[in-house]
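Source file: coords12.cif (mmCIF, C-alpha atoms)
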```
data_structure
loop_
_atom_site.group_PDB
_atom_site.id
_atom_site.type_symbol
_atom_site.label_atom_id
_atom_site.label_comp_id
_atom_site.auth_asym_id
_atom_site.auth_seq_id
_atom_site.Cartn_x
_atom_site.Cartn_y
_atom_site.Cartn_z
ATOM 1 C CA ILE A 1 0.000 0.000 0.000
ATOM 2 C CA GLU A 2 1.471 3.342 -1.092
ATOM 3 C CA SER A 3 -1.348 5.705 -0.037
ATOM 4 C CA SER A 4 -4.680 5.636 1.793
ATOM 5 C CA LEU A 5 -7.455 7.799 3.206
ATOM 6 C CA PHE A 6 -10.778 7.541 5.024
ATOM 7 C CA PHE A 7 -13.906 9.296 3.778
ATOM 8 C CA THR A 8 -17.548 9.431 4.797
ATOM 9 C CA SER A 9 -20.224 8.200 2.440
ATOM 10 C CA PHE A 10 -20.966 10.008 -0.822
ATOM 11 C CA ASN A 11 -24.612 8.865 -0.893
ATOM 12 C CA ASN A 12 -25.893 10.196 2.451
ATOM 13 C CA GLU A 13 -25.397 6.868 4.210
ATOM 14 C CA ASN A 14 -23.723 6.942 7.588
ATOM 15 C CA GLU A 15 -20.754 4.862 6.484
ATOM 16 C CA THR A 16 -17.020 5.422 6.454
ATOM 17 C CA SER A 17 -14.857 3.850 3.776
ATOM 18 C CA LEU A 18 -11.138 3.283 3.417
ATOM 19 C CA VAL A 19 -9.522 3.980 0.050
ATOM 20 C CA THR A 20 -6.133 2.427 -0.681
ATOM 21 C CA GLY A 21 -3.702 2.892 -3.548
ATOM 22 C CA SER A 22 -0.999 0.342 -4.304
ATOM 23 C CA SER A 23 2.320 0.127 -6.080
ATOM 24 C CA ASP A 24 0.712 -1.672 -9.037
ATOM 25 C CA GLY A 25 -1.685 1.221 -9.685
ATOM 26 C CA CYS A 26 -4.818 -0.350 -8.159
ATOM 27 C CA ILE A 27 -7.297 1.804 -6.212
ATOM 28 C CA GLU A 28 -9.751 -0.019 -3.951
ATOM 29 C CA ILE A 29 -12.515 1.110 -1.582
ATOM 30 C CA TRP A 30 -13.020 -0.998 1.537
ATOM 31 C CA SER A 31 -16.168 -1.330 3.651
ATOM 32 C CA SER A 32 -16.309 -0.418 7.334
ATOM 33 C CA SER A 33 -19.008 -3.061 7.932
ATOM 34 C CA SER A 34 -16.338 -5.734 7.380
ATOM 35 C CA LYS A 35 -13.779 -3.792 9.443
ATOM 36 C CA TYR A 36 -12.078 -2.934 6.143
ATOM 37 C CA THR A 37 -11.310 -6.538 5.220
ATOM 38 C CA GLN A 38 -13.691 -6.647 2.230
ATOM 39 C CA LEU A 39 -14.321 -4.315 -0.688
ATOM 40 C CA ARG A 40 -17.350 -2.050 -0.600
ATOM 41 C CA THR A 41 -19.719 -3.662 -3.096
ATOM 42 C CA HIS A 42 -23.301 -3.054 -1.944
ATOM 43 C CA ASP A 43 -23.451 0.333 -3.693
ATOM 44 C CA LEU A 44 -20.286 0.189 -5.831
ATOM 45 C CA SER A 45 -21.301 -2.364 -8.431
ATOM 46 C CA TYR A 46 -18.074 -2.057 -10.401
ATOM 47 C CA GLN A 47 -16.117 -3.426 -7.448
ATOM 48 C CA ALA A 48 -18.555 -6.334 -7.153
ATOM 49 C CA LYS A 49 -17.605 -7.164 -10.769
ATOM 50 C CA ASP A 50 -13.866 -6.904 -10.000
ATOM 51 C CA GLN A 51 -13.674 -3.729 -12.093
ATOM 52 C CA ILE A 52 -11.622 -1.551 -9.776
ATOM 53 C CA MET A 53 -10.146 1.852 -10.512
ATOM 54 C CA MET A 54 -6.592 1.592 -11.800
ATOM 55 C CA HIS A 55 -3.781 3.790 -13.101
ATOM 56 C CA TYR A 56 -2.857 2.983 -16.664
ATOM 57 C CA GLU A 57 0.081 4.086 -18.776
ATOM 58 C CA ASP A 58 0.814 1.700 -21.634
ATOM 59 C CA ASP A 59 4.309 3.047 -22.164
ATOM 60 C CA ASP A 60 5.296 3.377 -18.505
ATOM 61 C CA ALA A 61 3.456 0.690 -16.568
ATOM 62 C CA ALA A 62 6.270 0.261 -14.056
ATOM 63 C CA ASP A 63 5.680 3.767 -12.655
ATOM 64 C CA ASP A 64 1.915 3.606 -12.051
ATOM 65 C CA ALA A 65 2.152 3.446 -8.249
ATOM 66 C CA VAL A 66 -0.558 5.447 -6.461
ATOM 67 C CA LEU A 67 1.399 7.841 -4.242
ATOM 68 C CA ALA A 68 -1.251 10.492 -3.473
ATOM 69 C CA MET A 69 -5.023 10.732 -3.151
ATOM 70 C CA CYS A 70 -7.771 13.033 -1.906
ATOM 71 C CA THR A 71 -11.543 13.459 -2.205
ATOM 72 C CA ASN A 72 -13.592 16.586 -2.890
ATOM 73 C CA ASN A 73 -15.879 18.139 -0.281
ATOM 74 C CA ASP A 74 -18.866 15.850 -0.892
ATOM 75 C CA ASN A 75 -16.699 12.754 -1.538
ATOM 76 C CA THR A 76 -18.159 12.195 -4.997
ATOM 77 C CA MET A 77 -14.800 12.577 -6.754
ATOM 78 C CA LEU A 78 -11.395 11.099 -6.026
ATOM 79 C CA CYS A 79 -8.063 12.484 -7.206
ATOM 80 C CA THR A 80 -5.024 10.216 -7.382
ATOM 81 C CA GLY A 81 -1.407 10.921 -8.272
ATOM 82 C CA SER A 82 1.003 8.569 -9.976
ATOM 83 C CA ALA A 83 4.725 7.925 -9.613
ATOM 84 C CA ASN A 84 5.149 8.916 -13.269
ATOM 85 C CA GLY A 85 3.729 12.418 -12.715
ATOM 86 C CA THR A 86 0.195 11.788 -14.018
ATOM 87 C CA ILE A 87 -2.955 12.943 -12.179
ATOM 88 C CA TYR A 88 -6.290 11.099 -12.387
ATOM 89 C CA ILE A 89 -9.789 12.286 -11.443
ATOM 90 C CA TRP A 90 -12.372 9.565 -10.719
ATOM 91 C CA LYS A 91 -16.104 9.468 -10.073
ATOM 92 C CA VAL A 92 -16.520 7.345 -6.942
ATOM 93 C CA GLN A 93 -20.077 6.204 -7.735
ATOM 94 C CA ASN A 94 -19.186 4.373 -10.954
ATOM 95 C CA GLY A 95 -15.385 4.183 -10.892
ATOM 96 C CA LYS A 96 -15.030 6.047 -14.191
ATOM 97 C CA CYS A 97 -11.966 8.170 -14.928
ATOM 98 C CA LEU A 98 -13.209 11.713 -15.591
ATOM 99 C CA ARG A 99 -9.835 13.339 -16.286
ATOM 100 C CA GLN A 100 -6.285 12.203 -16.890
ATOM 101 C CA ILE A 101 -3.619 14.902 -16.763
ATOM 102 C CA LYS A 102 -0.616 13.187 -18.281
ATOM 103 C CA LYS A 103 2.858 14.206 -17.158
ATOM 104 C CA ALA A 104 1.533 16.956 -14.907
ATOM 105 C CA PHE A 105 5.000 16.971 -13.316
ATOM 106 C CA ASP A 106 8.517 15.905 -14.182
ATOM 107 C CA GLY A 107 8.580 13.857 -10.977
ATOM 108 C CA ALA A 108 6.218 11.712 -8.940
ATOM 109 C CA VAL A 109 2.970 13.229 -7.622
ATOM 110 C CA LEU A 110 3.205 13.271 -3.817
ATOM 111 C CA CYS A 111 0.092 15.212 -2.748
ATOM 112 C CA CYS A 112 -3.140 16.705 -4.069
ATOM 113 C CA CYS A 113 -6.144 18.714 -2.888
ATOM 114 C CA PHE A 114 -9.463 19.735 -4.461
ATOM 115 C CA SER A 115 -10.580 23.360 -4.395
ATOM 116 C CA HIS A 116 -13.666 24.171 -2.341
ATOM 117 C CA ASP A 117 -15.930 24.146 -5.429
ATOM 118 C CA SER A 118 -14.227 21.083 -6.980
ATOM 119 C CA SER A 119 -13.333 23.022 -10.129
ATOM 120 C CA LYS A 120 -9.557 22.882 -9.573
ATOM 121 C CA ILE A 121 -6.896 20.809 -7.906
ATOM 122 C CA VAL A 122 -3.551 21.775 -6.441
ATOM 123 C CA SER A 123 -0.821 19.157 -6.390
ATOM 124 C CA GLY A 124 2.818 18.834 -5.316
ATOM 125 C CA SER A 125 5.625 16.758 -6.726
ATOM 126 C CA PHE A 126 8.995 15.193 -6.089
ATOM 127 C CA ASP A 127 10.407 17.731 -8.579
ATOM 128 C CA GLY A 128 9.921 20.515 -5.986
ATOM 129 C CA THR A 129 6.997 22.310 -7.628
ATOM 130 C CA CYS A 130 3.341 22.776 -6.724
ATOM 131 C CA ARG A 131 0.846 23.360 -9.534
ATOM 132 C CA GLU A 132 -2.837 24.165 -9.898
ATOM 133 C CA PHE A 133 -4.887 22.554 -12.673
ATOM 134 C CA GLY A 134 -8.379 23.362 -13.922
ATOM 135 C CA LEU A 135 -10.612 20.327 -14.216
ATOM 136 C CA ARG A 136 -12.608 21.669 -17.167
ATOM 137 C CA THR A 137 -9.598 21.905 -19.449
ATOM 138 C CA SER A 138 -6.992 19.799 -17.589
ATOM 139 C CA LYS A 139 -4.606 22.718 -18.134
ATOM 140 C CA MET A 140 -2.156 24.146 -15.610
ATOM 141 C CA LEU A 141 -3.461 27.420 -14.181
ATOM 142 C CA LYS A 142 -0.692 28.386 -11.729
ATOM 143 C CA GLU A 143 2.686 27.214 -10.525
ATOM 144 C CA PHE A 144 3.926 27.767 -6.980
ATOM 145 C CA ARG A 145 7.703 27.594 -7.284
ATOM 146 C CA GLY A 146 10.256 28.229 -4.540
ATOM 147 C CA HIS A 147 10.807 25.069 -2.500
ATOM 148 C CA ASN A 148 14.277 23.540 -2.571
ATOM 149 C CA GLY A 149 13.017 20.005 -1.956
ATOM 150 C CA TYR A 150 10.106 17.745 -2.810
ATOM 151 C CA VAL A 151 6.598 19.051 -2.013
ATOM 152 C CA ASN A 152 5.117 16.502 0.354
ATOM 153 C CA CYS A 153 1.809 18.208 1.214
ATOM 154 C CA CYS A 154 -0.439 20.951 -0.168
ATOM 155 C CA ARG A 155 -3.773 22.401 0.919
ATOM 156 C CA TYR A 156 -6.250 25.059 -0.130
ATOM 157 C CA VAL A 157 -7.263 27.257 2.823
ATOM 158 C CA LEU A 158 -10.147 29.724 2.558
ATOM 159 C CA LEU A 159 -10.197 32.378 5.289
ATOM 160 C CA GLY A 160 -12.879 34.938 6.112
ATOM 161 C CA SER A 161 -15.555 33.676 3.737
ATOM 162 C CA GLY A 162 -18.291 34.778 6.109
ATOM 163 C CA GLY A 163 -19.816 31.347 6.449
ATOM 164 C CA ASN A 164 -20.077 30.917 2.696
ATOM 165 C CA SER A 165 -21.401 27.398 2.081
ATOM 166 C CA SER A 166 -21.571 27.527 -1.702
ATOM 167 C CA GLY A 167 -18.149 25.925 -2.074
ATOM 168 C CA THR A 168 -16.671 28.933 -3.868
ATOM 169 C CA ASP A 169 -13.967 31.290 -2.653
ATOM 170 C CA ALA A 170 -16.137 34.400 -3.123
ATOM 171 C CA GLY A 171 -15.621 36.907 -0.348
ATOM 172 C CA GLY A 172 -12.766 35.028 1.256
ATOM 173 C CA GLU A 173 -8.992 35.062 1.271
ATOM 174 C CA LEU A 174 -7.770 32.073 -0.719
ATOM 175 C CA LEU A 175 -4.420 30.623 0.325
ATOM 176 C CA VAL A 176 -2.386 27.614 -0.755
ATOM 177 C CA VAL A 177 -0.202 26.049 1.938
ATOM 178 C CA THR A 178 2.655 23.705 1.022
ATOM 179 C CA GLY A 179 5.151 21.696 3.063
ATOM 180 C CA SER A 180 8.436 20.406 1.713
ATOM 181 C CA GLY A 181 11.425 18.196 2.301
ATOM 182 C CA ASP A 182 13.448 21.409 2.513
ATOM 183 C CA GLY A 183 12.046 21.894 6.025
ATOM 184 C CA THR A 184 9.766 24.845 5.237
ATOM 185 C CA VAL A 185 6.060 25.548 5.080
ATOM 186 C CA ARG A 186 5.134 28.177 2.509
ATOM 187 C CA VAL A 187 1.887 30.135 2.447
ATOM 188 C CA TRP A 188 0.953 31.380 -1.034
ATOM 189 C CA ASP A 189 -1.654 33.772 -2.366
ATOM 190 C CA GLY A 190 -4.086 31.413 -4.079
ATOM 191 C CA ARG A 191 -5.014 33.984 -6.712
ATOM 192 C CA THR A 192 -1.613 35.405 -7.667
ATOM 193 C CA SER A 193 0.662 32.457 -6.695
ATOM 194 C CA GLU A 194 2.961 34.866 -4.845
ATOM 195 C CA VAL A 195 4.521 33.623 -1.617
ATOM 196 C CA ARG A 196 3.054 35.344 1.452
ATOM 197 C CA ARG A 197 4.957 33.649 4.279
ATOM 198 C CA ILE A 198 7.794 31.183 4.754
ATOM 199 C CA ILE A 199 7.729 29.249 8.026
ATOM 200 C CA ARG A 200 10.782 27.264 9.064
ATOM 201 C CA PRO A 201 11.229 25.454 12.373
ATOM 202 C CA VAL A 202 14.721 26.527 13.442
ATOM 203 C CA SER A 203 15.311 23.787 16.004
ATOM 204 C CA PHE A 204 12.891 21.213 17.320
ATOM 205 C CA ALA A 205 15.201 20.567 20.241
ATOM 206 C CA ALA A 206 14.702 24.133 21.412
ATOM 207 C CA THR A 207 11.596 25.805 22.772
ATOM 208 C CA VAL A 208 8.871 27.087 20.465
ATOM 209 C CA GLU A 209 10.976 28.977 17.955
ATOM 210 C CA ASN A 210 10.415 29.709 14.292
ATOM 211 C CA THR A 211 11.372 32.015 11.486
ATOM 212 C CA LEU A 212 8.725 33.951 9.596
ATOM 213 C CA SER A 213 9.650 35.664 6.357
ATOM 214 C CA THR A 214 7.480 37.898 4.242
ATOM 215 C CA ALA A 215 7.331 37.782 0.476
ATOM 216 C CA GLY A 216 10.539 38.752 -1.253
ATOM 217 C CA SER A 217 12.846 37.880 1.615
ATOM 218 C CA THR A 218 15.083 34.842 1.988
ATOM 219 C CA VAL A 219 15.588 32.201 4.616
ATOM 220 C CA ASP A 220 19.195 31.185 5.233
ATOM 221 C CA GLY A 221 20.044 27.517 5.610
ATOM 222 C CA VAL A 222 16.690 26.179 4.422
ATOM 223 C CA GLY A 223 16.482 22.456 5.040
ATOM 224 C CA VAL A 224 19.636 22.359 7.181
ATOM 225 C CA ASP A 225 18.226 22.960 10.666
ATOM 226 C CA GLY A 226 14.647 21.757 10.247
ATOM 227 C CA PRO A 227 13.316 18.272 9.495
ATOM 228 C CA ALA A 228 11.249 17.566 6.383
ATOM 229 C CA ILE A 229 7.592 18.637 6.520
ATOM 230 C CA ILE A 230 5.267 15.627 6.239
ATOM 231 C CA ALA A 231 1.802 17.195 6.608
ATOM 232 C CA VAL A 232 0.096 20.547 7.184
ATOM 233 C CA LEU A 233 -3.369 20.390 8.760
ATOM 234 C CA PRO A 234 -5.494 23.575 9.001
ATOM 235 C CA LEU A 235 -7.536 23.858 12.196
ATOM 236 C CA TYR A 236 -11.289 24.376 11.843
ATOM 237 C CA CYS A 237 -13.960 25.857 14.062
ATOM 238 C CA ALA A 238 -17.750 26.024 13.855
ATOM 239 C CA SER A 239 -19.140 28.885 11.759
ATOM 240 C CA GLY A 240 -22.351 30.834 12.186
ATOM 241 C CA GLY A 241 -23.927 28.978 9.265
ATOM 242 C CA GLY A 242 -23.553 25.605 10.941
ATOM 243 C CA GLY A 243 -20.518 24.582 8.911
ATOM 244 C CA LYS A 244 -16.812 24.803 9.615
ATOM 245 C CA GLN A 245 -14.420 27.622 8.827
ATOM 246 C CA PRO A 246 -10.604 27.474 8.898
ATOM 247 C CA ARG A 247 -8.898 29.320 11.731
ATOM 248 C CA ALA A 248 -5.650 31.169 11.120
ATOM 249 C CA MET A 249 -3.816 28.241 12.716
ATOM 250 C CA MET A 250 -2.400 24.947 11.504
ATOM 251 C CA ILE A 251 -0.692 21.818 12.759
ATOM 252 C CA VAL A 252 2.676 21.108 11.140
ATOM 253 C CA VAL A 253 3.843 17.478 11.236
ATOM 254 C CA THR A 254 7.545 16.910 10.574
ATOM 255 C CA ARG A 255 9.871 13.967 10.147
ATOM 256 C CA SER A 256 10.680 14.091 13.838
ATOM 257 C CA PRO A 257 8.959 13.111 17.102
ATOM 258 C CA CYS A 258 7.250 16.540 17.206
ATOM 259 C CA ALA A 259 4.167 18.207 15.782
ATOM 260 C CA ARG A 260 3.710 21.972 16.253
ATOM 261 C CA VAL A 261 0.766 24.366 16.120
ATOM 262 C CA TRP A 262 1.442 27.623 14.200
ATOM 263 C CA ASP A 263 -0.587 30.787 13.764
#
```
Any chance you could put this one into structure tokens?
Amino acid sequence: IESSLFFTSFNNENETSLVTGSSDGCIEIWSSSSKYTQLRTHDLSYQAKDQIMMHYEDDDAADDAVLAMCTNNDNTMLCTGSANGTIYIWKVQNGKCLRQIKKAFDGAVLCCCFSHDSSKIVSGSFDGTCREFGLRTSKMLKEFRGHNGYVNCCRYVLLGSGGNSSGTDAGGELLVVTGSGDGTVRVWDGRTSEVRRIIRPVSFAATVENTLSTAGSTVDGVGVDGPAIIAVLPLYCASGGGGKQPRAMMIVVTRSPCARVWD
């Protein structure tokens, strides 16, 4: 197993499923009723027929490993990333591939995230870049370039949307947050792709200490003092509309025994 995630049901049933991606390119959805030992087949007929979702590249089959995956807000679509740099978009209900963005990167796809309205995805790669793609055209819309190591995690964060539940970024501040093997977390303007902040843990053996840099400045010794960033998790709180809104805080998980909360 190369990648996995849990998601709640896409058809209003109170059921949690486990999605796994393997080194041979297979993507399978497992049922919680069997404690994740059997495939979910009662409402996914294609799995009952042994017709699972699968990466396919006739000329590069050895590099079809599923290294990244995510679902959209209502869990109706699944995005997966391949070791050969290709991105796939799937419809969970019928297992059909809706989009295939071939060679989206020069390196393996390590992370991906749907936009709030499911019209775009942002994805990071082993080649050190993070890119945004439109799902209507499968074309690259933006590139977030600046990391000196592989991009291991990426997230859209929408701040100050006023409880907007439409799934769009209207009225809010759209950010893209990335974490890298160079030991930094970068916060980007989601509309202009300009870097807004660079966060680098200086020493995890010390007390709470970090370096914040504004756009246009540099950080000396990037990747030397800090461990690689594994995951960045925005913190959420209840909104007035009954939903959840991101707070201006996040949990940063590193390749070390520590996880830190940043604001």
Excluding segment 43-50 of chain A and any residue of its chain fewer than 4 positions from it, enumerate the residues within 12 Å of it, using only C-alpha atoms, and give them as number ranges by chain.
A: 9-13, 15, 17, 26-31, 38-39, 54, 91-96
Selected residues written out with C-alpha atoms, as a PDB file, keeping the file's coordinate frame:
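What landed in part-v5.pdb:
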```
ATOM      1  CA  SER A   9     -20.224   8.200   2.440  1.00  0.00           C
ATOM      2  CA  PHE A  10     -20.966  10.008  -0.822  1.00  0.00           C
ATOM      3  CA  ASN A  11     -24.612   8.865  -0.893  1.00  0.00           C
ATOM      4  CA  ASN A  12     -25.893  10.196   2.451  1.00  0.00           C
ATOM      5  CA  GLU A  13     -25.397   6.868   4.210  1.00  0.00           C
ATOM      6  CA  GLU A  15     -20.754   4.862   6.484  1.00  0.00           C
ATOM      7  CA  SER A  17     -14.857   3.850   3.776  1.00  0.00           C
ATOM      8  CA  CYS A  26      -4.818  -0.350  -8.159  1.00  0.00           C
ATOM      9  CA  ILE A  27      -7.297   1.804  -6.212  1.00  0.00           C
ATOM     10  CA  GLU A  28      -9.751  -0.019  -3.951  1.00  0.00           C
ATOM     11  CA  ILE A  29     -12.515   1.110  -1.582  1.00  0.00           C
ATOM     12  CA  TRP A  30     -13.020  -0.998   1.537  1.00  0.00           C
ATOM     13  CA  SER A  31     -16.168  -1.330   3.651  1.00  0.00           C
ATOM     14  CA  GLN A  38     -13.691  -6.647   2.230  1.00  0.00           C
ATOM     15  CA  LEU A  39     -14.321  -4.315  -0.688  1.00  0.00           C
ATOM     16  CA  MET A  54      -6.592   1.592 -11.800  1.00  0.00           C
ATOM     17  CA  LYS A  91     -16.104   9.468 -10.073  1.00  0.00           C
ATOM     18  CA  VAL A  92     -16.520   7.345  -6.942  1.00  0.00           C
ATOM     19  CA  GLN A  93     -20.077   6.204  -7.735  1.00  0.00           C
ATOM     20  CA  ASN A  94     -19.186   4.373 -10.954  1.00  0.00           C
ATOM     21  CA  GLY A  95     -15.385   4.183 -10.892  1.00  0.00           C
ATOM     22  CA  LYS A  96     -15.030   6.047 -14.191  1.00  0.00           C
TER      23      LYS A  96
END
```
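With atom CA of His42 of chain A on one side and atom CA of Ser3 of chain A on the other, the separation reads 23.7 Å.
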One decimal, Å: what's the distance from atom CA of Leu67 of chain A over to atom CA of Trp188 of chain A, could you say?
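Interatomic distance, atom CA of Leu67 of chain A to atom CA of Trp188 of chain A: 23.8 Å.
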Using all atoms listed in the file, find all polymer residues with an atom at most 12 Å away from the point (-8.8, 4.0, -0.6); report them as JSON, numbers by chain.
{"A": [1, 2, 3, 4, 5, 6, 7, 8, 16, 17, 18, 19, 20, 21, 22, 25, 26, 27, 28, 29, 30, 31, 32, 36, 39, 40, 52, 53, 54, 66, 67, 68, 69, 70, 71, 75, 78, 79, 80, 92]}
Pull out every residue that the PyMOL selection byres ((chain A and resi 171-180) around 9) matches in the shown coordinates and put them as a PyMOL selection string.
chain A and resi 122+124+128+130+144+147-162+164+168-170+181-191+193+196+223+228-232+252
Next, dump the selected residues to file, keeping only C-alpha atoms, as a short mmCIF file (atom, residue, chain, number, x, y, z; two decimals), in the frame of the given file.
```
data_model
loop_
_atom_site.label_atom_id
_atom_site.label_comp_id
_atom_site.auth_asym_id
_atom_site.auth_seq_id
_atom_site.Cartn_x
_atom_site.Cartn_y
_atom_site.Cartn_z
CA VAL A 122 -3.55 21.78 -6.44
CA GLY A 124 2.82 18.83 -5.32
CA GLY A 128 9.92 20.52 -5.99
CA CYS A 130 3.34 22.78 -6.72
CA PHE A 144 3.93 27.77 -6.98
CA HIS A 147 10.81 25.07 -2.50
CA ASN A 148 14.28 23.54 -2.57
CA GLY A 149 13.02 20.00 -1.96
CA TYR A 150 10.11 17.74 -2.81
CA VAL A 151 6.60 19.05 -2.01
CA ASN A 152 5.12 16.50 0.35
CA CYS A 153 1.81 18.21 1.21
CA CYS A 154 -0.44 20.95 -0.17
CA ARG A 155 -3.77 22.40 0.92
CA TYR A 156 -6.25 25.06 -0.13
CA VAL A 157 -7.26 27.26 2.82
CA LEU A 158 -10.15 29.72 2.56
CA LEU A 159 -10.20 32.38 5.29
CA GLY A 160 -12.88 34.94 6.11
CA SER A 161 -15.56 33.68 3.74
CA GLY A 162 -18.29 34.78 6.11
CA ASN A 164 -20.08 30.92 2.70
CA THR A 168 -16.67 28.93 -3.87
CA ASP A 169 -13.97 31.29 -2.65
CA ALA A 170 -16.14 34.40 -3.12
CA GLY A 181 11.42 18.20 2.30
CA ASP A 182 13.45 21.41 2.51
CA GLY A 183 12.05 21.89 6.02
CA THR A 184 9.77 24.84 5.24
CA VAL A 185 6.06 25.55 5.08
CA ARG A 186 5.13 28.18 2.51
CA VAL A 187 1.89 30.14 2.45
CA TRP A 188 0.95 31.38 -1.03
CA ASP A 189 -1.65 33.77 -2.37
CA GLY A 190 -4.09 31.41 -4.08
CA ARG A 191 -5.01 33.98 -6.71
CA SER A 193 0.66 32.46 -6.70
CA ARG A 196 3.05 35.34 1.45
CA GLY A 223 16.48 22.46 5.04
CA ALA A 228 11.25 17.57 6.38
CA ILE A 229 7.59 18.64 6.52
CA ILE A 230 5.27 15.63 6.24
CA ALA A 231 1.80 17.20 6.61
CA VAL A 232 0.10 20.55 7.18
CA VAL A 252 2.68 21.11 11.14
#
```
Using only C-alpha atoms, which protein or nucleic acid residues come within 7 Å of Tyr88 of chain A? Drop anything in the same chain fewer than 4 positions from it, and give the result as a VMD selection string.
chain A and resid 79 to 81 97 99 to 101
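Between atom CA of Arg255 of chain A and atom CA of Pro227 of chain A there is a distance of 5.6 Å.
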Kindly compute an axis-aligned box around the listed atoms of segment 100-118 of chain A, allowing 5 Å on each side, and express its centre and edge lengths in Å to one decimal as lines of an AutoDock Vina configuration file.
```
center_x = -3.7
center_y = 17.9
center_z = -10.3
size_x = 34.5
size_y = 22.5
size_z = 25.9
```
Taking the file as I've supplied it (selection: the PyMOL selection byres ((chain A and resi 125) around 6)), which residues are included? Please answer as an NGL selection string.
:A and (107-110 or 124 or 126-129 or 151)
